[in-house]
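model.txt follows; it contains compact mmCIF, C-alpha atoms.
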# COMPACT_ATOMS: atom_id res chain seq x y z
CA MET A 30 -18.49 14.64 6.91
CA SER A 31 -20.88 11.85 6.03
CA ASN A 32 -19.12 11.78 2.67
CA ASP A 33 -15.90 10.66 4.30
CA ARG A 34 -17.60 7.65 5.74
CA ARG A 35 -19.28 6.64 2.54
CA ARG A 36 -17.75 3.78 0.65
CA LEU A 37 -15.47 4.76 -2.20
CA ARG A 38 -17.19 4.22 -5.56
CA LEU A 39 -14.68 3.04 -8.12
CA VAL A 40 -14.72 4.26 -11.72
CA ALA A 41 -12.41 3.79 -14.69
CA SER A 42 -10.26 6.62 -15.94
CA GLY A 43 -11.66 6.59 -19.49
CA GLY A 44 -8.26 6.95 -21.10
CA GLN A 45 -7.25 10.36 -19.87
CA GLY A 46 -4.27 9.82 -17.67
CA ASP A 47 -2.61 11.90 -15.01
CA GLN A 48 -0.10 13.57 -17.28
CA ALA A 49 -1.87 16.92 -17.28
CA GLY A 50 -0.06 19.93 -15.93
CA GLY A 51 3.14 19.85 -13.92
CA ALA A 52 5.25 21.86 -16.33
CA ASP A 53 4.19 25.33 -15.21
CA ALA A 54 6.34 27.61 -13.13
CA ASP A 55 6.30 26.90 -9.37
CA ALA A 56 4.69 30.01 -7.87
CA PRO A 57 1.59 30.38 -10.07
CA ARG A 58 1.18 26.61 -10.00
CA GLU A 59 1.02 26.63 -6.21
CA LEU A 60 -1.50 29.48 -6.25
CA ASP A 61 -3.52 27.44 -8.73
CA TRP A 62 -3.45 24.45 -6.42
CA THR A 63 -4.54 26.56 -3.47
CA ILE A 64 -7.54 27.81 -5.42
CA LEU A 65 -8.35 24.36 -6.78
CA MET A 66 -8.20 22.84 -3.30
CA ALA A 67 -10.43 25.54 -1.86
CA ARG A 68 -12.96 24.84 -4.61
CA ALA A 69 -12.66 21.11 -4.06
CA GLN A 70 -13.51 21.60 -0.40
CA ASP A 71 -16.69 23.33 -1.52
CA GLY A 72 -17.58 20.27 -3.56
CA ASP A 73 -16.28 21.25 -7.02
CA ARG A 74 -15.39 17.84 -8.49
CA THR A 75 -13.83 19.16 -11.67
CA ALA A 76 -11.43 21.33 -9.67
CA TYR A 77 -10.61 18.39 -7.44
CA LEU A 78 -9.97 16.10 -10.39
CA ARG A 79 -7.66 18.68 -11.96
CA LEU A 80 -5.85 19.23 -8.70
CA LEU A 81 -5.23 15.52 -8.15
CA GLN A 82 -4.06 15.08 -11.75
CA GLU A 83 -1.67 17.99 -11.44
CA ILE A 84 -0.15 17.07 -8.11
CA THR A 85 0.44 13.42 -9.02
CA PRO A 86 3.60 13.96 -11.13
CA TYR A 87 4.91 16.29 -8.46
CA LEU A 88 4.23 13.71 -5.75
CA ARG A 89 5.93 11.05 -7.83
CA SER A 90 9.09 13.11 -8.19
CA ARG A 91 9.01 13.88 -4.49
CA VAL A 92 8.55 10.28 -3.42
CA ARG A 93 11.49 9.33 -5.63
CA ARG A 94 13.74 10.87 -2.97
CA TRP A 95 12.88 8.01 -0.67
CA HIS A 96 11.95 5.12 -2.89
CA LYS A 97 13.67 3.61 -5.88
CA ASP A 98 11.34 0.79 -6.80
CA GLN A 99 8.65 1.81 -9.31
CA TRP A 100 5.92 -0.10 -7.44
CA ASP A 101 6.84 1.45 -4.11
CA ILE A 102 6.70 4.92 -5.65
CA GLU A 103 3.29 4.30 -7.18
CA ASP A 104 1.92 2.75 -3.97
CA THR A 105 3.18 5.69 -1.92
CA VAL A 106 1.63 8.20 -4.32
CA GLN A 107 -1.69 6.40 -3.99
CA ASP A 108 -1.33 6.34 -0.20
CA ILE A 109 -0.76 10.08 -0.24
CA LEU A 110 -3.78 10.70 -2.47
CA LEU A 111 -6.00 8.62 -0.20
CA THR A 112 -4.76 10.39 2.92
CA LEU A 113 -5.24 13.77 1.27
CA HIS A 114 -8.78 12.77 0.36
CA SER A 115 -9.68 11.60 3.84
CA ILE A 116 -8.37 14.69 5.64
CA ARG A 117 -9.05 17.34 3.00
CA HIS A 118 -11.20 19.26 5.49
CA THR A 119 -8.08 20.05 7.54
CA TYR A 120 -6.70 22.30 4.80
CA ASP A 121 -7.05 26.02 5.47
CA PRO A 122 -7.34 27.95 2.15
CA ALA A 123 -5.84 31.02 3.81
CA ARG A 124 -2.52 29.17 3.94
CA PRO A 125 -0.40 27.89 1.03
CA PHE A 126 -1.26 24.44 -0.29
CA GLY A 127 2.34 23.28 -0.84
CA PRO A 128 3.45 22.77 2.78
CA TRP A 129 0.19 21.03 3.62
CA LEU A 130 0.63 18.58 0.75
CA VAL A 131 4.32 18.06 1.51
CA GLY A 132 3.49 17.39 5.17
CA ILE A 133 1.20 14.54 4.17
CA ALA A 134 3.53 13.27 1.44
CA ASN A 135 6.57 13.07 3.72
CA ARG A 136 4.59 11.28 6.35
CA ARG A 137 3.35 8.60 3.95
CA ALA A 138 6.70 8.13 2.23
CA ILE A 139 8.51 7.69 5.54
CA ASP A 140 5.82 5.32 6.81
CA ARG A 141 6.34 3.08 3.80
CA LEU A 142 10.10 3.32 4.17
CA ARG A 143 9.81 2.08 7.74
CA ARG A 144 7.55 -0.76 6.75
CA LEU A 145 9.89 -1.76 3.94
CA GLY A 146 12.84 -1.56 6.31
CA ARG A 147 11.18 -4.02 8.63
CA THR A 148 10.27 -6.39 5.81
CA VAL A 149 13.64 -6.25 4.07
CA LEU A 150 15.47 -7.03 7.32
CA ARG A 151 13.74 -10.37 7.48
CA GLU A 152 13.69 -11.30 3.83
CA THR A 153 16.36 -13.10 1.90
CA GLU A 154 16.98 -12.30 -1.72
CA LEU A 155 16.08 -15.18 -3.98
CA ASP A 156 19.26 -16.21 -5.80
CA ILE A 157 21.18 -19.12 -7.23
CA GLU A 158 22.83 -20.05 -3.95
CA HIS A 159 19.48 -20.86 -2.46
CA GLU A 160 18.91 -23.61 -4.96
CA ALA A 161 19.78 -26.87 -3.40
CA VAL A 162 21.42 -29.03 -6.05
CA PRO A 163 22.36 -32.55 -5.07
CA ALA A 164 26.13 -32.70 -4.65
CA THR A 165 27.13 -35.46 -7.11
CA PRO A 166 24.09 -37.06 -8.61
CA GLN A 167 24.38 -40.50 -10.08
CA GLU A 168 23.99 -40.42 -13.83
CA ALA A 169 21.02 -42.79 -14.01
CA ASP A 170 19.29 -41.27 -10.96
CA GLY A 171 19.80 -37.89 -12.49
CA MET A 172 18.09 -38.96 -15.68
CA ILE A 173 15.14 -40.40 -13.80
CA ASP A 174 14.90 -37.35 -11.56
CA ARG A 175 15.03 -35.08 -14.55
CA HIS A 176 12.28 -37.06 -16.20
CA HIS A 177 10.10 -36.83 -13.07
CA LEU A 178 10.82 -33.16 -12.70
CA GLU A 179 9.89 -32.39 -16.29
CA ALA A 180 6.69 -34.35 -15.94
CA ALA A 181 5.88 -32.49 -12.74
CA ILE A 182 6.64 -29.12 -14.31
CA GLU A 183 4.24 -29.88 -17.14
CA LYS A 184 1.44 -30.23 -14.62
CA LEU A 185 1.94 -26.64 -13.38
CA PRO A 186 -0.17 -23.70 -14.60
CA PRO A 187 1.40 -21.97 -17.67
CA ILE A 188 2.73 -18.88 -15.84
CA GLN A 189 4.44 -20.97 -13.18
CA GLN A 190 5.83 -23.28 -15.88
CA LYS A 191 7.33 -20.32 -17.64
CA ALA A 192 8.75 -18.84 -14.45
CA VAL A 193 10.41 -22.11 -13.46
CA SER A 194 11.81 -22.77 -16.91
CA LEU A 195 13.26 -19.27 -17.29
CA LEU A 196 14.50 -18.68 -13.76
CA LYS A 197 15.48 -22.15 -12.66
CA LEU A 198 16.17 -24.26 -15.76
CA LYS A 199 17.61 -21.54 -18.00
CA GLU A 200 19.00 -19.68 -14.96
CA MET A 201 17.99 -16.24 -16.21
CA SER A 202 18.04 -13.28 -13.85
CA LEU A 203 14.73 -11.94 -12.52
CA LYS A 204 15.17 -8.78 -14.55
CA ASP A 205 15.80 -10.58 -17.84
CA ALA A 206 12.94 -12.98 -17.24
CA SER A 207 10.69 -10.03 -16.46
CA ALA A 208 11.72 -8.36 -19.71
CA GLU A 209 11.11 -11.52 -21.69
CA THR A 210 7.71 -12.42 -20.25
CA GLY A 211 6.40 -8.91 -19.60
CA LEU A 212 5.50 -9.99 -16.05
CA SER A 213 6.62 -7.90 -13.08
CA VAL A 214 9.50 -9.08 -10.91
CA ALA A 215 7.13 -9.50 -7.97
CA SER A 216 4.74 -11.73 -9.87
CA LEU A 217 7.62 -13.77 -11.25
CA LYS A 218 8.93 -14.31 -7.75
CA MET A 219 5.47 -15.27 -6.58
CA ALA A 220 4.95 -17.67 -9.51
CA THR A 221 8.34 -19.31 -8.85
CA HIS A 222 7.59 -19.60 -5.19
CA ARG A 223 4.24 -21.26 -5.84
CA ALA A 224 5.68 -23.48 -8.53
CA LEU A 225 8.46 -24.71 -6.28
CA ARG A 226 5.99 -25.37 -3.52
CA SER A 227 3.75 -27.44 -5.78
CA LEU A 228 6.74 -29.24 -7.28
CA ARG A 229 8.01 -30.14 -3.88
CA ALA A 230 4.60 -31.48 -2.91
CA MET A 231 4.34 -33.49 -6.12
CA LEU A 232 7.84 -34.92 -5.90
CA ALA A 233 7.43 -35.72 -2.23
CA ASP A 234 4.27 -37.69 -3.07
CA ARG A 235 6.18 -39.61 -5.67
CA ARG A 236 8.97 -40.38 -3.25
CA ASP A 237 6.49 -41.61 -0.67
CA SER A 238 4.67 -43.91 -3.06
CA MET B 24 -5.25 -0.27 -9.08
CA ASP B 25 -4.06 2.32 -11.54
CA THR B 26 -3.28 5.75 -10.08
CA SER B 27 -5.35 7.55 -12.71
CA ASP B 28 -8.32 5.31 -11.86
CA LEU B 29 -7.84 6.11 -8.20
CA ILE B 30 -7.83 9.84 -8.99
CA GLN B 31 -11.05 9.52 -10.97
CA SER B 32 -12.66 7.57 -8.15
CA LEU B 33 -11.61 10.08 -5.53
CA ALA B 34 -12.87 13.00 -7.63
CA VAL B 35 -16.23 11.32 -8.22
CA ASN B 36 -16.58 10.67 -4.48
CA ALA B 37 -15.61 14.17 -3.38
CA GLY B 38 -18.49 15.98 -1.81
CA PRO B 39 -18.26 19.35 -0.08
CA VAL B 40 -16.52 19.23 3.30
CA ARG B 41 -16.74 21.51 6.30
CA ARG B 42 -13.37 23.10 6.90
CA LEU B 43 -11.78 22.90 10.32
CA ARG B 44 -11.69 26.12 12.24
CA PRO B 45 -8.23 27.59 12.92
CA PRO B 46 -6.31 25.60 15.54
CA LEU B 47 -6.34 28.45 18.07
CA VAL B 48 -10.12 28.63 17.93
CA ARG B 49 -10.43 24.88 18.32
CA ALA B 50 -7.99 24.89 21.24
CA ALA B 51 -10.00 27.69 22.86
CA GLY B 52 -13.20 25.68 22.35
CA TRP B 53 -11.73 22.67 24.09
CA LEU B 54 -10.38 24.82 26.94
CA ILE B 55 -13.80 26.38 27.46
CA LEU B 56 -15.29 22.92 27.68
CA ALA B 57 -12.56 21.92 30.12
CA ALA B 58 -13.28 25.00 32.22
CA ALA B 59 -16.97 24.10 32.24
CA ILE B 60 -16.25 20.53 33.40
CA MET B 61 -13.83 21.84 36.03
CA THR B 62 -16.37 24.31 37.36
CA ALA B 63 -19.13 21.71 37.45
CA LEU B 64 -16.94 19.26 39.35
CA THR B 65 -15.73 21.94 41.75
CA ILE B 66 -19.29 22.94 42.48
CA SER B 67 -20.41 19.36 43.00
CA HIS B 68 -17.42 18.48 45.21
CA GLY B 69 -17.23 21.82 46.95
CA LEU B 70 -14.02 23.83 47.10
CA ARG B 71 -11.30 22.10 49.09
CA PRO B 72 -11.01 23.19 52.71
CA GLN B 73 -8.79 26.25 53.25
CA PHE B 74 -8.47 26.93 49.54
CA ALA B 75 -7.84 30.65 50.04
CA GLU B 76 -5.31 29.88 52.72
CA ARG B 77 -3.51 27.41 50.47
CA MET B 78 -3.42 29.93 47.66
CA ARG B 79 -1.35 32.19 49.88
CA ASP B 80 1.24 29.43 50.05
CA SER B 81 3.49 30.47 47.17
CA LEU B 82 4.51 26.90 46.30
CA PHE B 83 0.89 25.81 46.00
CA ALA B 84 -0.06 28.89 43.98
CA MET B 85 2.88 28.39 41.66
CA ASN B 86 2.07 24.73 41.22
CA MET B 87 -1.50 25.56 40.30
CA MET B 88 -0.63 28.42 37.98
CA SER B 89 2.07 26.47 36.18
CA SER B 90 -0.15 23.41 35.75
CA LEU B 91 -2.91 25.61 34.35
CA LEU B 92 -0.46 27.28 31.98
CA THR B 93 0.96 23.90 30.95
CA GLY B 94 -2.56 22.73 30.20
CA VAL B 95 -3.36 25.76 28.06
CA LEU B 96 -0.07 25.69 26.16
CA ALA B 97 -0.14 21.94 25.64
CA THR B 98 -3.68 22.22 24.28
CA VAL B 99 -2.64 24.88 21.81
CA ALA B 100 0.41 22.81 20.83
CA THR B 101 -1.71 19.70 20.35
CA PHE B 102 -4.11 21.41 17.97
CA PHE B 103 -1.30 22.99 15.97
CA VAL B 104 0.84 19.88 15.72
CA SER B 105 -2.12 17.80 14.59
CA LEU B 106 -2.17 19.64 11.24
CA PRO B 107 0.14 18.44 8.46
CA ASP B 108 1.53 21.86 7.52
CA ARG B 109 2.52 23.04 11.01
CA SER B 110 6.00 22.73 12.40
CA ARG B 111 6.89 20.11 14.98
CA TRP B 112 8.53 22.86 17.03
CA TRP B 113 5.07 23.55 18.44
CA LEU B 114 5.69 20.55 20.67
CA LEU B 115 8.11 22.67 22.71
CA LEU B 116 5.46 25.28 23.49
CA PRO B 117 4.44 23.93 26.92
CA ALA B 118 8.05 23.43 28.07
CA PRO B 119 8.44 26.79 29.88
CA ALA B 120 5.42 26.03 32.07
CA LEU B 121 6.05 22.30 32.33
CA VAL B 122 9.40 22.68 34.06
CA PRO B 123 8.16 24.74 37.06
CA TRP B 124 5.09 22.53 37.32
CA LEU B 125 7.05 19.28 37.48
CA SER B 126 9.51 20.80 39.93
CA THR B 127 6.69 21.59 42.38
CA ILE B 128 4.85 18.27 42.14
CA GLY B 129 3.92 16.78 45.45
CA TYR B 130 3.78 13.09 46.02
CA GLN B 131 1.04 12.93 48.63
CA CYS B 132 -1.18 10.41 46.90
CA PHE B 133 1.73 8.20 45.93
CA ALA B 134 3.40 8.64 49.28
CA GLY B 135 0.24 7.31 50.85
CA TRP B 136 -0.21 4.58 48.30
CA VAL B 137 3.13 3.07 47.49
CA PRO B 138 4.37 2.03 50.97
CA VAL B 139 0.93 0.43 51.77
CA PRO B 140 1.13 0.02 55.51
CA PRO B 141 -1.01 -2.69 57.18
CA GLY B 142 -3.97 -0.32 57.60
CA ALA B 143 -5.79 -0.37 54.24
CA ILE B 144 -7.15 3.16 54.68
CA THR B 145 -4.41 4.68 52.55
CA VAL B 146 -5.21 2.41 49.65
CA GLU B 147 -8.81 3.48 49.91
CA ALA B 148 -7.81 7.11 49.91
CA ALA B 149 -5.61 6.57 46.90
CA SER B 150 -8.29 4.73 44.98
CA GLY B 151 -10.57 7.64 45.83
CA CYS B 152 -7.96 9.90 44.24
CA LEU B 153 -7.88 7.64 41.21
CA ALA B 154 -11.67 7.59 40.84
CA THR B 155 -11.85 11.38 40.99
CA LEU B 156 -9.09 11.85 38.46
CA VAL B 157 -10.55 9.31 36.04
CA LEU B 158 -13.91 11.02 36.30
CA THR B 159 -12.28 14.37 35.55
CA SER B 160 -9.89 13.39 32.79
CA LEU B 161 -11.94 10.84 30.88
CA PRO B 162 -14.48 13.28 29.37
CA LEU B 163 -11.67 15.68 28.46
CA SER B 164 -9.68 12.92 26.77
CA LEU B 165 -12.70 11.62 24.86
CA VAL B 166 -13.64 15.06 23.56
CA MET B 167 -10.06 15.70 22.46
CA LEU B 168 -9.92 12.30 20.79
CA GLY B 169 -13.04 13.18 18.84
CA MET B 170 -11.71 16.55 17.81
CA LEU B 171 -8.36 15.17 16.65
CA ARG B 172 -9.38 11.87 15.08
CA TYR B 173 -8.15 12.98 11.63
CA THR B 174 -4.59 13.07 12.91
CA ALA B 175 -4.44 9.26 13.05
CA ALA B 176 -3.17 9.38 9.47
CA LEU B 177 -0.41 11.89 10.24
CA ARG B 178 1.67 12.05 13.40
CA PRO B 179 -0.39 10.20 15.99
CA THR B 180 2.32 9.56 18.59
CA SER B 181 3.35 13.13 19.30
CA VAL B 182 -0.26 14.34 19.19
CA VAL B 183 -1.41 11.62 21.60
CA LEU B 184 1.37 12.40 24.06
CA MET B 185 0.88 16.16 23.84
CA GLY B 186 -2.88 15.74 24.22
CA SER B 187 -2.40 13.53 27.27
CA LEU B 188 -0.15 16.17 28.77
CA ALA B 189 -2.83 18.80 28.19
CA VAL B 190 -5.50 16.63 29.83
CA SER B 191 -3.17 15.82 32.74
CA ALA B 192 -2.33 19.44 33.40
CA ILE B 193 -5.95 20.57 33.26
CA THR B 194 -7.02 17.68 35.51
CA ALA B 195 -4.26 18.50 37.97
CA THR B 196 -5.41 22.11 38.12
CA ALA B 197 -9.00 21.02 38.64
CA LEU B 198 -8.12 18.52 41.33
CA SER B 199 -6.00 21.02 43.22
CA MET B 200 -9.17 23.11 43.58
CA PHE B 201 -11.43 20.51 45.11
CA HIS B 202 -9.33 17.50 46.03
CA PRO B 203 -7.84 17.55 49.52
CA LEU B 204 -4.67 15.64 48.57
CA ASP B 205 -2.13 16.58 45.94
CA ALA B 206 -2.55 13.96 43.23
CA THR B 207 -0.34 15.40 40.49
CA ALA B 208 2.04 12.47 40.30
CA MET B 209 -0.85 10.06 40.05
CA ILE B 210 -2.59 12.19 37.40
CA LEU B 211 0.50 12.28 35.22
CA GLY B 212 1.06 8.59 35.77
CA TRP B 213 -2.53 7.82 34.83
CA ASN B 214 -2.88 9.97 31.72
CA LEU B 215 0.56 9.62 30.21
CA GLY B 216 0.80 6.03 31.42
CA THR B 217 -2.43 5.15 29.62
CA ALA B 218 -1.24 6.85 26.46
CA LEU B 219 2.13 5.12 26.64
CA SER B 220 0.60 1.72 27.27
CA PHE B 221 -1.67 2.15 24.24
CA LEU B 222 1.32 3.11 22.13
CA GLY B 223 3.26 0.17 23.50
CA VAL B 224 0.48 -2.28 22.67
CA ALA B 225 0.22 -0.81 19.17
CA ALA B 226 3.97 -1.19 18.67
CA LEU B 227 3.87 -4.78 19.89
CA ILE B 228 1.00 -5.68 17.59
CA SER B 229 2.66 -4.14 14.57
CA ARG B 230 5.89 -5.93 15.38
CA ARG B 231 4.08 -9.23 15.72
CA LEU B 232 2.43 -8.66 12.34
CA ALA B 233 5.83 -7.94 10.86
CA THR B 234 7.22 -11.11 12.43
CA ARG B 235 4.37 -13.17 11.07
CA ARG B 236 5.14 -11.83 7.63
CA ALA B 237 8.79 -12.63 8.24
CA GLY B 238 7.80 -16.20 9.04
CA LYS B 239 6.53 -16.46 5.48
CA GLY B 240 9.84 -15.12 4.27
CA VAL B 241 11.69 -17.90 6.03
CA ARG B 242 9.35 -20.53 4.69
CA ARG B 243 9.84 -19.17 1.23
CA ARG B 244 13.51 -19.78 1.63
CA SER B 245 13.13 -23.31 2.90
CA CYS B 246 10.85 -24.13 -0.03
CA LEU B 247 13.84 -23.83 -2.28
CA ASP B 248 15.55 -26.82 -0.75
CA LEU B 249 13.81 -29.07 -3.22

Kindly transcribe the structure held in the file into structure tokens.
Amino acid sequence: MSNDRRRLRLVASGGQGDQAGGADADAPRELDWTILMARAQDGDRTAYLRLLQEITPYLRSRVRRWHKDQWDIEDTVQDILLTLHSIRHTYDPARPFGPWLVGIANRRAIDRLRRLGRTVLRETELDIEHEAVPATPQEADGMIDRHHLEAAIEKLPPIQQKAVSLLKLKEMSLKDASAETGLSVASLKMATHRALRSLRAMLADRRDS
Amino acid sequence: MDTSDLIQSLAVNAGPVRRLRPPLVRAAGWLILAAAIMTALTISHGLRPQFAERMRDSLFAMNMMSSLLTGVLATVATFFVSLPDRSRWWLLLPAPALVPWLSTIGYQCFAGWVPVPPGAITVEAASGCLATLVLTSLPLSLVMLGMLRYTAALRPTSVVLMGSLAVSAITATALSMFHPLDATAMILGWNLGTALSFLGVAALISRRLATRRAGKGVRRRSCLDL
């Protein structure tokens, strides 16, 4: 029990991923998991490691029923693994492992779905319409503004510069920009958001002065 | 953090754990403790006057039996439902005893409390009721909380409500043995009311957090009006 309270010590995976197992037939696999879990409860770390590696692909495919986004799926799988770890003493080796695991997995997946539902309700998708373009800019003003804007953009950190130039100046979609830069959609959004905030601050200063 | 890193970390941190005993055994353990507390309180308070006489009153006997049965069944249901691999249908287990119990509830404590006539004696009596019931149900609730703390990660709401029902029913049975007034309505109000108010506060807090996050969402939108 004192182990549960101890802080989690983080280690690197050393290259071997979580691709092991998962292809076996269902029934013997479940029996395997039951045995592995029972051993893990007795403190067998190798068995526990193997169990976690084997259930991860299964959990991923299960979570896919609820979540579409790759990040959500991965976060949910990690949530499930952490929950499993913290309540692993509640598993009774006399009973099958599958329903116990599925009970935890469903709970976590639905929890995240609820949270996402609440967030999505209040968020607005970032798209072209939200860009406020002056209605009919005067030619000369436009040139000056453009000049100021370019100067301001150059002062931004490189990632934000890239995000603004791809998403706002070249009007690429988030997906394309993500493919081109190799950054995730979330970090692109965040970079754009920060860039626009700094730009606004900079341009507002200029207007004031 | 990468999932494979997380797996490695979890495996490195996995020491041996002590398995939980089967839910029936745990429920029995809690019930034995409840019986011990009930007996101790009955001895210290003394059996209520005319207890044997009251027991001959079929309504009183039925009330007591059904509340005891509700307590036992709700305890069993709580311990079963707290585990991830058990069906939610366990929540229906106490229903057959709960219905006769609720249909025989008396309102003596409330009847004395709610109208509050000018003489403050009734309020005193009712607060006496409240003190006794808090004293009886608090240790039971705390022990159950300790025994079921792992369920916080699973289905806390139904377990909390079922556990409160178990504590209420056991407390009601205990009080009907040594308390001169029938306090069932107040007991249910106290135990389930406390549980519900905690759940309500939790819901409010989580909603407020969500709203605060939403505030950011709105700001993000307004930022675009460069």

* Asked: Looking at B:Ile55, B:Val183, B:Ala120, B:Val190, which one is nearest to Leu161 of chain B, with distances taken over only C-alpha atoms?
  -> B:Val190

* **Coordinates-based distance that separates atom CA of Tyr120 of chain A from atom CA of Gln70 of chain A (Å, one decimal)** =>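 For atom CA of Gln70 of chain A relative to atom CA of Tyr120 of chain A, the distance reads 8.6 Å.
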
* To do: Using atom CA of Met85 of chain B and atom CA of Thr65 of chain B as the two end points, give the distance in Å to one decimal.
  =>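 Separation of atom CA of Met85 of chain B and atom CA of Thr65 of chain B: 19.7 Å.
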
* Identify which of the residues B:Val224, B:Leu177, B:Ala118, B:Leu188 lies closest to chain A, counting all atoms listed in the file when measuring atom-to-atom distances. =>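 Ranking B:Val224, B:Leu177, B:Ala118, B:Leu188 by distance to chain A, first place goes to B:Leu177.
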
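Minimum atom-to-atom distance to chain B, evaluated using only C-alpha atoms, belongs to A:His222 out of A:Arg94, A:Arg143, A:Arg89, A:His222.
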
* Would you please work out which residue, of A:Glu183, A:Glu103, A:Asp61, A:Asp205, is nearest to chain B when using only C-alpha atoms? => A:Glu103

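Our summary of the geometry notes that atom CA of Leu195 of chain A is positioned 20.8 Å from atom CA of Ala230 of chain A.
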
* Within 12 Å of Pro186 of chain A, counting only C-alpha atoms, which residues show up once you throw out same-chain ones fewer than 6 positions away? Write them as number ranges by chain, please. => A: 192-193, 220-221, 223-224, 227-228

* Would you please work out which residue, of B:Val182, B:Ala176, B:Ile66, B:Ala51, is nearest to chain A when using all atoms listed in the file? =>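 Result for the nearest residue to chain A: B:Ala176.
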
* B:Ala34, B:Ala189, B:Leu121, B:Val104: which is nearest Ser164 of chain B, counting all atoms listed in the file? -> B:Ala189
